[in-house]
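Below is my_file_31.cif, which holds mmCIF, C-alpha atoms.
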data_upload
loop_
_atom_site.label_atom_id
_atom_site.label_comp_id
_atom_site.auth_asym_id
_atom_site.auth_seq_id
_atom_site.Cartn_x
_atom_site.Cartn_y
_atom_site.Cartn_z
CA MET Q 1 -35.63 -26.35 26.63
CA ASN Q 2 -31.90 -27.08 26.40
CA LEU Q 3 -29.27 -25.55 24.14
CA LEU Q 4 -29.47 -28.30 21.51
CA GLU Q 5 -33.20 -27.79 21.10
CA ILE Q 6 -32.73 -24.01 20.77
CA LEU Q 7 -30.11 -24.55 18.07
CA ARG Q 8 -32.34 -27.08 16.29
CA PHE Q 9 -35.21 -24.58 16.15
CA ALA Q 10 -32.78 -21.88 14.98
CA VAL Q 11 -31.48 -24.04 12.12
CA ARG Q 12 -35.05 -24.91 11.11
CA GLY Q 13 -35.95 -21.24 11.09
CA LEU Q 14 -32.98 -20.34 8.89
CA THR Q 15 -33.51 -23.16 6.40
CA ALA Q 16 -37.19 -22.31 6.05
CA ASN Q 17 -36.19 -19.41 3.78
CA LYS Q 18 -32.80 -20.24 2.31
CA LEU Q 19 -32.65 -17.33 -0.16
CA ARG Q 20 -33.33 -14.74 2.53
CA SER Q 21 -30.73 -16.29 4.82
CA ALA Q 22 -28.16 -16.29 2.04
CA LEU Q 23 -28.79 -12.64 1.17
CA THR Q 24 -28.57 -11.68 4.86
CA THR Q 25 -25.09 -13.18 5.15
CA LEU Q 26 -23.91 -11.35 2.02
CA GLY Q 27 -23.25 -8.04 3.78
CA ILE Q 28 -21.26 -9.76 6.55
CA THR Q 29 -19.32 -11.78 3.97
CA ILE Q 30 -18.35 -8.69 2.00
CA GLY Q 31 -17.36 -6.81 5.15
CA VAL Q 32 -15.16 -9.57 6.56
CA ALA Q 33 -13.51 -10.24 3.19
CA ALA Q 34 -12.88 -6.51 2.71
CA VAL Q 35 -11.26 -6.13 6.15
CA ILE Q 36 -8.92 -9.08 5.60
CA LEU Q 37 -8.03 -8.16 2.03
CA LEU Q 38 -7.54 -4.42 2.52
CA VAL Q 39 -5.42 -4.90 5.64
CA ALA Q 40 -3.38 -7.47 3.68
CA VAL Q 41 -2.89 -4.97 0.85
CA GLY Q 42 -1.73 -2.30 3.30
CA ASN Q 43 0.74 -4.68 4.92
CA GLY Q 44 1.92 -5.85 1.52
CA ALA Q 45 2.63 -2.26 0.56
CA SER Q 46 4.59 -1.76 3.81
CA ALA Q 47 6.64 -4.90 3.17
CA ALA Q 48 7.38 -3.89 -0.41
CA ILE Q 49 8.46 -0.38 0.63
CA ALA Q 50 10.67 -1.79 3.37
CA ALA Q 51 12.31 -4.21 0.93
CA SER Q 52 12.81 -1.43 -1.62
CA ILE Q 53 14.41 0.95 0.88
CA GLN Q 54 16.55 -1.75 2.47
CA GLY Q 55 17.65 -2.68 -1.05
CA LEU Q 56 19.31 0.72 -1.29
CA GLY Q 57 21.65 -0.31 1.47
CA THR Q 58 22.07 0.75 5.08
CA ASN Q 59 24.80 3.28 4.28
CA VAL Q 60 22.81 5.49 1.89
CA VAL Q 61 21.97 9.11 2.71
CA ASN Q 62 19.61 11.18 0.58
CA VAL Q 63 19.88 14.97 0.40
CA SER Q 64 16.94 16.82 -1.12
CA PRO Q 65 15.59 20.40 -1.22
CA ALA Q 66 13.72 21.37 1.94
CA ARG Q 67 9.95 21.62 1.72
CA GLY Q 68 8.91 25.22 1.96
CA GLY Q 69 12.26 26.50 0.72
CA GLY Q 70 14.21 26.68 3.99
CA GLN Q 71 15.17 30.34 4.57
CA GLY Q 72 12.70 31.73 2.04
CA ALA Q 73 14.15 34.19 -0.47
CA SER Q 74 17.72 33.36 0.59
CA ALA Q 75 17.26 29.63 -0.01
CA ARG Q 76 19.64 28.13 -2.54
CA PRO Q 77 18.98 25.08 -4.72
CA LEU Q 78 21.12 21.97 -4.63
CA THR Q 79 23.71 21.97 -7.40
CA VAL Q 80 26.11 19.56 -9.04
CA GLN Q 81 28.91 21.51 -7.36
CA ASP Q 82 27.29 20.79 -3.96
CA ALA Q 83 27.39 17.08 -4.72
CA HIS Q 84 31.02 17.18 -5.75
CA ALA Q 85 31.95 19.21 -2.66
CA LEU Q 86 30.64 16.43 -0.41
CA VAL Q 87 33.34 14.04 -1.66
CA ASP Q 88 36.14 15.57 0.38
CA PRO Q 89 38.64 13.27 2.13
CA VAL Q 90 39.48 16.05 4.55
CA GLY Q 91 36.13 17.71 5.23
CA ALA Q 92 34.03 14.56 4.85
CA PRO Q 93 36.16 11.45 5.45
CA ASP Q 94 33.05 9.33 6.07
CA VAL Q 95 31.51 10.11 2.66
CA LYS Q 96 32.46 7.55 0.02
CA ALA Q 97 30.53 8.92 -2.98
CA ALA Q 98 27.91 11.54 -3.84
CA SER Q 99 25.85 11.58 -7.02
CA PRO Q 100 23.75 14.54 -8.21
CA VAL Q 101 20.35 13.48 -9.54
CA VAL Q 102 17.89 15.37 -11.71
CA ASN Q 103 14.60 13.65 -12.50
CA THR Q 104 12.24 14.27 -15.40
CA THR Q 105 9.82 12.36 -17.60
CA ALA Q 106 10.03 11.60 -21.29
CA THR Q 107 8.15 9.90 -24.09
CA ALA Q 108 10.25 7.15 -25.66
CA THR Q 109 9.73 6.27 -29.32
CA TYR Q 110 11.11 3.24 -31.12
CA GLY Q 111 9.67 2.40 -34.53
CA GLN Q 112 5.89 2.40 -34.10
CA THR Q 113 6.10 2.04 -30.32
CA SER Q 114 5.63 5.03 -28.01
CA TYR Q 115 5.98 4.77 -24.24
CA ASP Q 116 5.82 7.36 -21.46
CA ILE Q 117 8.73 6.78 -19.07
CA PRO Q 118 7.68 7.96 -15.59
CA THR Q 119 11.25 8.58 -14.39
CA VAL Q 120 14.25 9.65 -16.43
CA ALA Q 121 17.15 10.18 -14.02
CA GLY Q 122 20.20 12.18 -14.98
CA THR Q 123 23.14 11.34 -12.75
CA GLU Q 124 26.75 10.16 -12.56
CA PRO Q 125 28.26 6.63 -12.57
CA ALA Q 126 28.63 6.43 -8.78
CA TYR Q 127 24.84 6.48 -8.53
CA PHE Q 128 24.61 2.84 -9.59
CA THR Q 129 26.89 1.68 -6.78
CA THR Q 130 25.26 3.95 -4.21
CA THR Q 131 21.75 2.66 -4.98
CA ASN Q 132 22.77 -0.98 -5.53
CA ARG Q 133 21.73 -1.05 -9.18
CA GLU Q 134 23.48 -3.75 -11.18
CA ILE Q 135 23.64 -4.30 -14.91
CA ALA Q 136 21.92 -7.32 -16.48
CA ASP Q 137 22.79 -6.68 -20.12
CA GLY Q 138 25.26 -4.31 -21.76
CA GLN Q 139 27.21 -1.80 -19.68
CA LEU Q 140 26.85 1.31 -17.54
CA PHE Q 141 27.89 4.77 -18.70
CA THR Q 142 31.21 6.23 -17.56
CA SER Q 143 32.57 9.52 -16.23
CA GLU Q 144 33.78 10.29 -19.75
CA ASP Q 145 30.20 9.96 -21.00
CA VAL Q 146 29.16 12.55 -18.39
CA THR Q 147 31.99 14.91 -19.34
CA THR Q 148 31.18 14.75 -23.05
CA ALA Q 149 27.40 14.78 -22.46
CA ARG Q 150 27.11 11.65 -24.55
CA LYS Q 151 23.50 10.69 -25.24
CA VAL Q 152 23.47 7.17 -23.88
CA VAL Q 153 20.89 5.60 -21.60
CA VAL Q 154 20.55 2.60 -19.29
CA LEU Q 155 17.00 1.25 -19.05
CA GLY Q 156 15.17 -0.55 -16.30
CA PRO Q 157 13.81 -3.98 -17.33
CA THR Q 158 10.19 -2.81 -17.34
CA THR Q 159 11.04 0.19 -19.52
CA ALA Q 160 13.08 -1.95 -21.92
CA GLN Q 161 10.25 -4.48 -22.25
CA SER Q 162 7.66 -1.75 -22.82
CA ILE Q 163 9.69 -0.09 -25.58
CA PHE Q 164 11.42 -2.97 -27.34
CA GLY Q 165 9.33 -6.02 -26.48
CA ALA Q 166 11.26 -9.16 -27.47
CA THR Q 167 13.87 -7.15 -29.42
CA GLU Q 168 17.37 -6.89 -27.93
CA PRO Q 169 17.56 -3.26 -26.71
CA VAL Q 170 21.33 -2.85 -26.24
CA GLY Q 171 22.82 -0.94 -29.15
CA LYS Q 172 19.47 0.35 -30.41
CA ASN Q 173 18.67 4.03 -30.77
CA VAL Q 174 15.57 5.35 -29.03
CA LEU Q 175 14.02 8.83 -29.15
CA LEU Q 176 13.41 10.50 -25.79
CA ASN Q 177 11.20 13.51 -26.42
CA SER Q 178 12.41 13.34 -30.05
CA ILE Q 179 16.09 13.40 -28.97
CA GLN Q 180 18.09 10.34 -30.02
CA PHE Q 181 19.74 8.31 -27.24
CA THR Q 182 21.61 5.02 -27.59
CA VAL Q 183 20.69 2.20 -25.22
CA ILE Q 184 23.91 0.80 -23.76
CA GLY Q 185 22.54 -1.34 -20.94
CA VAL Q 186 19.57 -2.86 -19.13
CA LEU Q 187 19.47 -3.04 -15.31
CA GLN Q 188 18.68 -6.09 -13.23
CA ALA Q 189 15.12 -6.26 -11.94
CA LYS Q 190 14.58 -4.71 -8.53
CA GLY Q 191 10.81 -4.95 -8.19
CA SER Q 192 7.89 -2.66 -7.52
CA THR Q 193 6.56 -1.25 -4.25
CA GLY Q 194 3.12 -0.89 -5.75
CA LEU Q 195 3.52 2.85 -5.33
CA GLN Q 196 6.63 3.15 -7.47
CA ASN Q 197 8.14 0.73 -9.96
CA ALA Q 198 11.92 0.82 -9.55
CA ASP Q 199 12.26 -1.09 -12.84
CA ASP Q 200 10.35 1.48 -14.90
CA VAL Q 201 13.19 3.97 -15.21
CA ALA Q 202 15.77 5.32 -17.62
CA ILE Q 203 19.15 6.54 -16.32
CA ALA Q 204 21.46 8.72 -18.40
CA PRO Q 205 24.45 11.04 -17.87
CA ILE Q 206 23.28 14.13 -16.01
CA SER Q 207 24.88 16.44 -18.56
CA ALA Q 208 22.97 14.81 -21.42
CA VAL Q 209 19.67 14.96 -19.52
CA GLN Q 210 20.18 18.62 -18.64
CA ASN Q 211 21.25 19.48 -22.19
CA SER Q 212 18.38 17.72 -23.93
CA LEU Q 213 15.49 16.93 -21.57
CA ALA Q 214 15.37 18.68 -18.19
CA GLY Q 215 17.28 21.92 -18.63
CA TYR Q 216 19.79 23.31 -16.16
CA GLY Q 217 17.40 23.61 -13.24
CA ASN Q 218 17.69 22.47 -9.65
CA LEU Q 219 18.74 19.00 -8.57
CA ASN Q 220 16.01 16.75 -7.23
CA GLN Q 221 18.42 15.02 -4.87
CA ILE Q 222 21.99 14.08 -4.05
CA ALA Q 223 22.49 10.38 -3.38
CA VAL Q 224 25.31 9.99 -0.86
CA GLN Q 225 27.06 6.78 0.14
CA ALA Q 226 28.73 6.62 3.54
CA THR Q 227 31.90 4.57 3.91
CA THR Q 228 30.14 2.06 6.21
CA ALA Q 229 26.73 1.55 7.79
CA ASP Q 230 28.20 2.55 11.17
CA SER Q 231 29.47 5.88 9.82
CA VAL Q 232 26.10 7.15 8.51
CA SER Q 233 25.62 9.54 11.45
CA LEU Q 234 29.12 10.95 11.02
CA ALA Q 235 28.55 11.32 7.27
CA GLN Q 236 25.32 13.23 7.93
CA SER Q 237 27.12 15.63 10.25
CA GLU Q 238 29.85 16.20 7.65
CA ILE Q 239 27.26 16.76 4.90
CA THR Q 240 25.45 19.25 7.11
CA ALA Q 241 28.65 21.20 7.84
CA ILE Q 242 29.66 21.41 4.17
CA LEU Q 243 26.21 22.38 2.85
CA ASN Q 244 25.67 24.94 5.62
CA ALA Q 245 28.95 26.61 4.68
CA ARG Q 246 28.16 26.55 0.95
CA HIS Q 247 24.57 27.79 1.39
CA GLY Q 248 25.34 30.40 4.02
CA ILE Q 249 23.23 28.77 6.74
CA ARG Q 250 24.09 30.40 10.03
CA LEU Q 251 24.13 28.60 13.37
CA GLY Q 252 20.53 28.02 14.42
CA GLY Q 253 19.22 28.88 10.95
CA THR Q 254 16.78 26.77 8.96
CA PRO Q 255 18.52 24.73 6.25
CA ASP Q 256 17.25 24.92 2.67
CA TYR Q 257 17.86 21.18 2.30
CA GLN Q 258 16.91 18.03 4.20
CA ILE Q 259 18.89 14.87 4.90
CA GLN Q 260 17.41 11.41 5.33
CA ASN Q 261 19.10 8.06 5.71
CA SER Q 262 17.47 4.76 4.79
CA GLU Q 263 16.22 4.12 8.34
CA GLN Q 264 14.55 7.52 8.57
CA LEU Q 265 13.06 7.12 5.11
CA LEU Q 266 11.75 3.68 6.04
CA ALA Q 267 10.21 5.01 9.26
CA THR Q 268 8.51 7.87 7.43
CA ARG Q 269 7.09 5.73 4.67
CA THR Q 270 6.10 2.95 7.07
CA SER Q 271 4.17 5.46 9.18
CA ALA Q 272 2.38 6.75 6.10
CA THR Q 273 1.55 3.23 4.96
CA GLU Q 274 0.25 2.26 8.40
CA THR Q 275 -2.08 5.27 8.33
CA PHE Q 276 -3.20 4.21 4.86
CA THR Q 277 -3.86 0.67 6.15
CA VAL Q 278 -5.93 1.96 9.07
CA LEU Q 279 -8.02 4.04 6.67
CA LEU Q 280 -8.57 1.01 4.44
CA ALA Q 281 -9.61 -1.08 7.45
CA ALA Q 282 -12.00 1.66 8.58
CA VAL Q 283 -13.65 1.73 5.16
CA ALA Q 284 -13.97 -2.05 5.24
CA ALA Q 285 -15.43 -1.91 8.77
CA ILE Q 286 -18.27 0.21 7.41
CA SER Q 287 -19.23 -2.78 5.28
CA LEU Q 288 -19.48 -4.86 8.45
CA LEU Q 289 -21.71 -2.22 10.04
CA VAL Q 290 -23.97 -2.19 7.00
CA GLY Q 291 -24.10 -5.99 7.15
CA GLY Q 292 -25.15 -5.79 10.80
CA ILE Q 293 -27.97 -3.41 9.97
CA GLY Q 294 -29.04 -5.89 7.30
CA VAL Q 295 -29.16 -8.65 9.93
CA THR Q 296 -31.41 -6.48 12.11
CA ASN Q 297 -33.81 -5.73 9.26
CA ILE Q 298 -34.10 -9.36 8.15
CA MET Q 299 -34.56 -10.63 11.71
CA LEU Q 300 -37.32 -8.07 12.31
CA VAL Q 301 -39.06 -9.32 9.20
CA THR Q 302 -38.57 -12.90 10.39
CA VAL Q 303 -40.08 -12.13 13.79
CA THR Q 304 -43.07 -10.44 12.18
CA GLU Q 305 -43.71 -13.41 9.89
CA ARG Q 306 -43.45 -15.91 12.76
CA ILE Q 307 -45.50 -14.14 15.42
CA ARG Q 308 -48.17 -16.87 15.40
CA GLU Q 309 -45.48 -19.55 15.77
CA ILE Q 310 -44.03 -17.63 18.72
CA GLY Q 311 -47.51 -17.38 20.27
CA ILE Q 312 -48.13 -21.12 19.96
CA ARG Q 313 -44.75 -21.98 21.46
CA LYS Q 314 -45.25 -19.62 24.40
CA ALA Q 315 -48.82 -20.91 24.87
CA ILE Q 316 -47.59 -24.49 25.30
CA GLY Q 317 -44.96 -23.46 27.82
CA ALA Q 318 -41.86 -22.22 25.98
CA PRO Q 319 -40.07 -19.79 28.35
CA ARG Q 320 -38.97 -16.29 27.35
CA SER Q 321 -35.32 -17.37 27.42
CA ALA Q 322 -35.98 -20.08 24.79
CA ILE Q 323 -37.55 -17.60 22.37
CA LEU Q 324 -34.80 -15.07 23.01
CA GLY Q 325 -32.11 -17.72 22.60
CA GLN Q 326 -33.59 -19.03 19.36
CA PHE Q 327 -33.61 -15.70 17.56
CA LEU Q 328 -30.21 -14.70 18.96
CA ALA Q 329 -28.89 -18.05 17.73
CA GLU Q 330 -30.35 -17.45 14.27
CA ALA Q 331 -28.77 -14.00 14.00
CA THR Q 332 -25.42 -15.24 15.32
CA MET Q 333 -25.38 -18.26 13.00
CA LEU Q 334 -26.08 -16.00 10.01
CA SER Q 335 -23.19 -13.74 11.01
CA LEU Q 336 -20.81 -16.63 11.69
CA PHE Q 337 -21.60 -18.25 8.37
CA GLY Q 338 -21.07 -14.93 6.61
CA GLY Q 339 -17.83 -14.48 8.57
CA LEU Q 340 -16.49 -17.89 7.56
CA LEU Q 341 -17.35 -17.26 3.93
CA GLY Q 342 -15.72 -13.80 4.13
CA VAL Q 343 -12.52 -15.29 5.60
CA ALA Q 344 -12.38 -17.81 2.76
CA ILE Q 345 -12.88 -15.11 0.11
CA GLY Q 346 -10.33 -12.83 1.79
CA LEU Q 347 -7.69 -15.58 1.90
CA ILE Q 348 -8.31 -16.53 -1.72
CA GLY Q 349 -8.20 -12.90 -2.85
CA SER Q 350 -4.92 -12.32 -1.00
CA ARG Q 351 -3.20 -14.87 -3.24
CA PHE Q 352 -3.43 -12.47 -6.18
CA THR Q 353 -1.30 -9.39 -6.82
CA ILE Q 354 -3.38 -6.20 -6.54
CA SER Q 355 -2.14 -3.04 -8.28
CA GLY Q 356 1.41 -4.36 -8.20
CA ILE Q 357 1.20 -5.20 -4.49
CA LYS Q 358 1.40 -8.74 -3.13
CA PRO Q 359 -0.99 -8.80 -0.14
CA VAL Q 360 0.42 -10.04 3.17
CA VAL Q 361 -2.29 -11.60 5.33
CA VAL Q 362 -2.19 -10.68 9.00
CA PRO Q 363 -3.59 -13.50 11.20
CA SER Q 364 -4.87 -10.99 13.75
CA SER Q 365 -7.03 -9.35 11.08
CA ILE Q 366 -8.69 -12.72 10.37
CA LEU Q 367 -9.43 -13.35 14.04
CA LEU Q 368 -10.62 -9.79 14.57
CA ALA Q 369 -12.89 -9.75 11.51
CA PHE Q 370 -14.40 -13.12 12.42
CA ALA Q 371 -14.91 -12.14 16.07
CA VAL Q 372 -16.56 -8.88 15.02
CA SER Q 373 -18.90 -10.78 12.69
CA ALA Q 374 -20.02 -12.94 15.64
CA LEU Q 375 -20.51 -9.90 17.88
CA ILE Q 376 -22.51 -8.24 15.11
CA GLY Q 377 -24.92 -11.19 15.15
CA LEU Q 378 -25.33 -10.90 18.92
CA PHE Q 379 -25.60 -7.11 18.96
CA PHE Q 380 -27.81 -6.52 15.96
CA GLY Q 381 -29.87 -9.65 16.61
CA SER Q 382 -30.62 -8.73 20.22
CA PHE Q 383 -33.33 -6.17 19.41
CA PRO Q 384 -35.50 -8.40 17.18
CA ALA Q 385 -34.87 -11.38 19.52
CA ASN Q 386 -35.90 -9.36 22.55
CA ARG Q 387 -38.97 -8.13 20.70
CA ALA Q 388 -40.00 -11.71 19.92
CA ALA Q 389 -39.41 -12.84 23.52
CA LYS Q 390 -41.61 -10.05 24.95
CA LEU Q 391 -44.66 -10.93 22.86
CA ARG Q 392 -47.69 -11.98 24.92
CA PRO Q 393 -49.08 -15.35 23.80
CA ILE Q 394 -52.62 -14.05 23.40
CA ASP Q 395 -51.49 -11.09 21.27
CA ALA Q 396 -49.28 -13.32 19.12
CA LEU Q 397 -52.09 -15.83 18.49
CA ARG Q 398 -54.45 -13.02 17.43
CA HIS Q 399 -51.91 -11.62 14.94
CA GLU Q 400 -52.90 -11.89 11.29
#
Please express what this file holds, its structure, as structure tokens.
Amino acid sequence: MNLLEILRFAVRGLTANKLRSALTTLGITIGVAAVILLVAVGNGASAAIAASIQGLGTNVVNVSPARGGGQGASARPLTVQDAHALVDPVGAPDVKAASPVVNTTATATYGQTSYDIPTVAGTEPAYFTTTNREIADGQLFTSEDVTTARKVVVLGPTTAQSIFGATEPVGKNVLLNSIQFTVIGVLQAKGSTGLQNADDVAIAPISAVQNSLAGYGNLNQIAVQATTADSVSLAQSEITAILNARHGIRLGGTPDYQIQNSEQLLATRTSATETFTVLLAAVAAISLLVGGIGVTNIMLVTVTERIREIGIRKAIGAPRSAILGQFLAEATMLSLFGGLLGVAIGLIGSRFTISGIKPVVVPSSILLAFAVSALIGLFFGSFPANRAAKLRPIDALRHE
């Protein structure tokens, strides 16, 4: 019996019970589609994070409190004075600007609309230049607004849309935690990473935020802009020297702050996202395993139902290899069909935005998922196929 005859018998066996064959491929289909789609989501998140961080610029340095508090009881918080001290033409010639930032949340109210703003940032005007935020409508606040603690606010486009809808926001008064602020500008859209929406933000003078919303607590960060991308390392060294002197950090001591530039931040977040992607792929792979077990169960049922057919074929001279090949072919064809359907569903699903993330399909994930689906057919189909091939003709013909 040649290969074409084996495949013909396999196709006839599969089409004899179309509903069962379709249900058998379902597990493989779901598994393959899940692998492709979840890996695409993970890569989409990585791409969005990379774009967001690169959008800050290659000459941005972020100073934040150290996790664990640095030197324990002697650790000092970051202050506005620390930020101002970093802009020193003599002590830090490679630092162009430094902006203190305090973050909080607030509930915005306008008329009958209430909206919870996830990030209200109190800072200084240089922050907009440092983080590459540009105005789309209205204007930015000034140093005078910071000095006088004027209650003005610049909104991200998502925040403005959520609060005002189609109404022009510039010039309107909005309540932030029942404190009246005047909207003076709306930022240009910057996009979402899926993990954080850079457009869902409100930015106000740090003095006004501390007076009315956050209190005079610690800074969440200091956004520092180096003079050029090539001087980032020098700027970091100068920042370290100034903050060590101000915080009393001795040589060899543990700083109570941490410094990250955009490349380090990108590497850290990319590593975390890659781990997240691997976990997603592992979860999806479980679906493939479950689908393989389903193939085994269905093929065992198929062998049991067709024992008499196997006996007749072996009685008239069908070799063991033909029986083995037929059932292996059936299992593999089921898996391949399920794999093809899963690839199609995964590619279609990746065209939609999921939780704010635009999936990025990785060709290797398609090839890997499809190859695994074929191997699943061979592996999980081998046991029932081998069982069918070992049946003695006389025993098979006696089976009821």
#### Entry: Residue among Q:Pro255, Q:Gly111, Q:Gly291, Q:Gly138 lying closest to Q:Phe164, counting all atoms listed in the file
Q:Gly111
### Task
Would you please work out which residue, of Q:Thr167, Q:Thr148, Q:Ser231, Q:Ile239, is nearest to Q:Ala83 when using all atoms listed in the file?
Q:Ile239
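Between Q:Val362 and the candidates Q:Leu23, Q:Val343, Q:Leu176, Q:Ala98, the tightest atom-to-atom separation, counting all atoms listed in the file, involves Q:Val343.
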### Message
When the PyMOL selection byres ((chain Q and resi 58-68) around 6) is applied to the structure above, which residues does it catch, written out as JSON, numbers by chain?
### Response
{"Q": [57, 69, 70, 221, 222, 223, 224, 225, 226, 228, 229, 232, 256, 257, 258, 259, 260, 261]}
Suppose we keep C-alpha atoms; can you now write the selection as a tab-separated table (two decimals), in the frame of the given file?
chain	number	residue	atom	x	y	z
Q	57	GLY	CA	21.65	-0.31	1.47
Q	69	GLY	CA	12.26	26.50	0.72
Q	70	GLY	CA	14.21	26.68	3.99
Q	221	GLN	CA	18.42	15.02	-4.87
Q	222	ILE	CA	21.99	14.08	-4.05
Q	223	ALA	CA	22.49	10.38	-3.38
Q	224	VAL	CA	25.31	9.99	-0.86
Q	225	GLN	CA	27.06	6.78	0.14
Q	226	ALA	CA	28.73	6.62	3.54
Q	228	THR	CA	30.14	2.06	6.21
Q	229	ALA	CA	26.73	1.55	7.79
Q	232	VAL	CA	26.10	7.15	8.51
Q	256	ASP	CA	17.25	24.92	2.67
Q	257	TYR	CA	17.86	21.18	2.30
Q	258	GLN	CA	16.91	18.03	4.20
Q	259	ILE	CA	18.89	14.87	4.90
Q	260	GLN	CA	17.41	11.41	5.33
Q	261	ASN	CA	19.10	8.06	5.71
### Query
Nearest to Q:Asn218 among Q:Ala344, Q:Ala315, Q:Ala136, Q:Val102, with distances taken over only C-alpha atoms: which residue is it?
Q:Val102
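Distance check against Q:Lys172 using all atoms listed in the file: of Q:Lys190, Q:Val153, Q:Glu144, Q:Ser335, the minimum falls on Q:Val153.
Residue nearest Q:His247, chosen from Q:Ser233, Q:Ser21, Q:Gln81, Q:Ser143 and counting all atoms listed in the file: Q:Gln81.
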### Task
Could you state which residues are captured by the PyMOL selection byres ((chain Q and resi 33-37) around 9) in this file, as a PyMOL selection string?
chain Q and resi 28-32+38-42+280-285+287-288+339+341-347+349-350+359-363+365-366+369
### Task
Excluding stretch 90-92 of chain Q and residues on its chain fewer than 3 positions from it, collect all residues at most 8 Å away from it, counting all atoms listed in the file, and give them as a PyMOL selection string.
chain Q and resi 86-87+95+235+238-239+242
Those same residues, written as a short mmCIF file (atom, residue, chain, number, x, y, z; two decimals), in the coordinates of the input with C-alpha atoms?
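Saved result, part.cif, follows:
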data_model
loop_
_atom_site.label_atom_id
_atom_site.label_comp_id
_atom_site.auth_asym_id
_atom_site.auth_seq_id
_atom_site.Cartn_x
_atom_site.Cartn_y
_atom_site.Cartn_z
CA LEU Q 86 30.64 16.43 -0.41
CA VAL Q 87 33.34 14.04 -1.66
CA VAL Q 95 31.51 10.11 2.66
CA ALA Q 235 28.55 11.32 7.27
CA GLU Q 238 29.85 16.20 7.65
CA ILE Q 239 27.26 16.76 4.90
CA ILE Q 242 29.66 21.41 4.17
#
### Task
Name the residues that the PyMOL selection byres ((chain Q and resi 376-383) around 8) picks from the file above, as a ChimeraX atom specification, using the file's chain letters and numbers.
/Q:289,292-293,295-296,299,327-328,331-336,372-375,384-387
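For Q:Phe181, the list of residues within 7 Å, based on only C-alpha atoms and with local chain neighbours fewer than 3 positions off taken out, reads Lys151, Val152, Val153, Asn173, Val174, Leu175 and Leu176 of chain Q.
Interatomic distance, atom CA of Q:Phe141 to atom CA of Q:Gln180: 16.0 Å.
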### Query
In Å to one decimal, how far is atom CA of Q:Val183 from atom CA of Q:Ser207?
16.3 Å
### Query
Which polymer residues have any atom within 7 Å of an atom of Q:Pro157, counting only C-alpha atoms, with same-chain residues fewer than 5 positions away left out, as a PyMOL selection string?
chain Q and resi 186-189+199-200
### Task
Within 9 Å of (22.0, 5.8, -7.9) (coordinates as in the file), grab all the protein and nucleic acid residues, counting all atoms listed in the file, and write them out as number ranges by chain.
Q: 56, 99-101, 121, 123-133, 203, 223-224
### Query
To one decimal place, how far is atom CA of Q:Thr353 from atom CA of Q:Ala108 in Å?
27.6 Å
Can you sort out the box for stretch 176-182 of chain Q, edges along x, y and z, all listed atoms in, 3 Å on every side, with centre and edge lengths in Å to one decimal, as JSON?
{"center_x": 16.4, "center_y": 9.3, "center_z": -27.9, "size_x": 16.4, "size_y": 14.5, "size_z": 10.3}
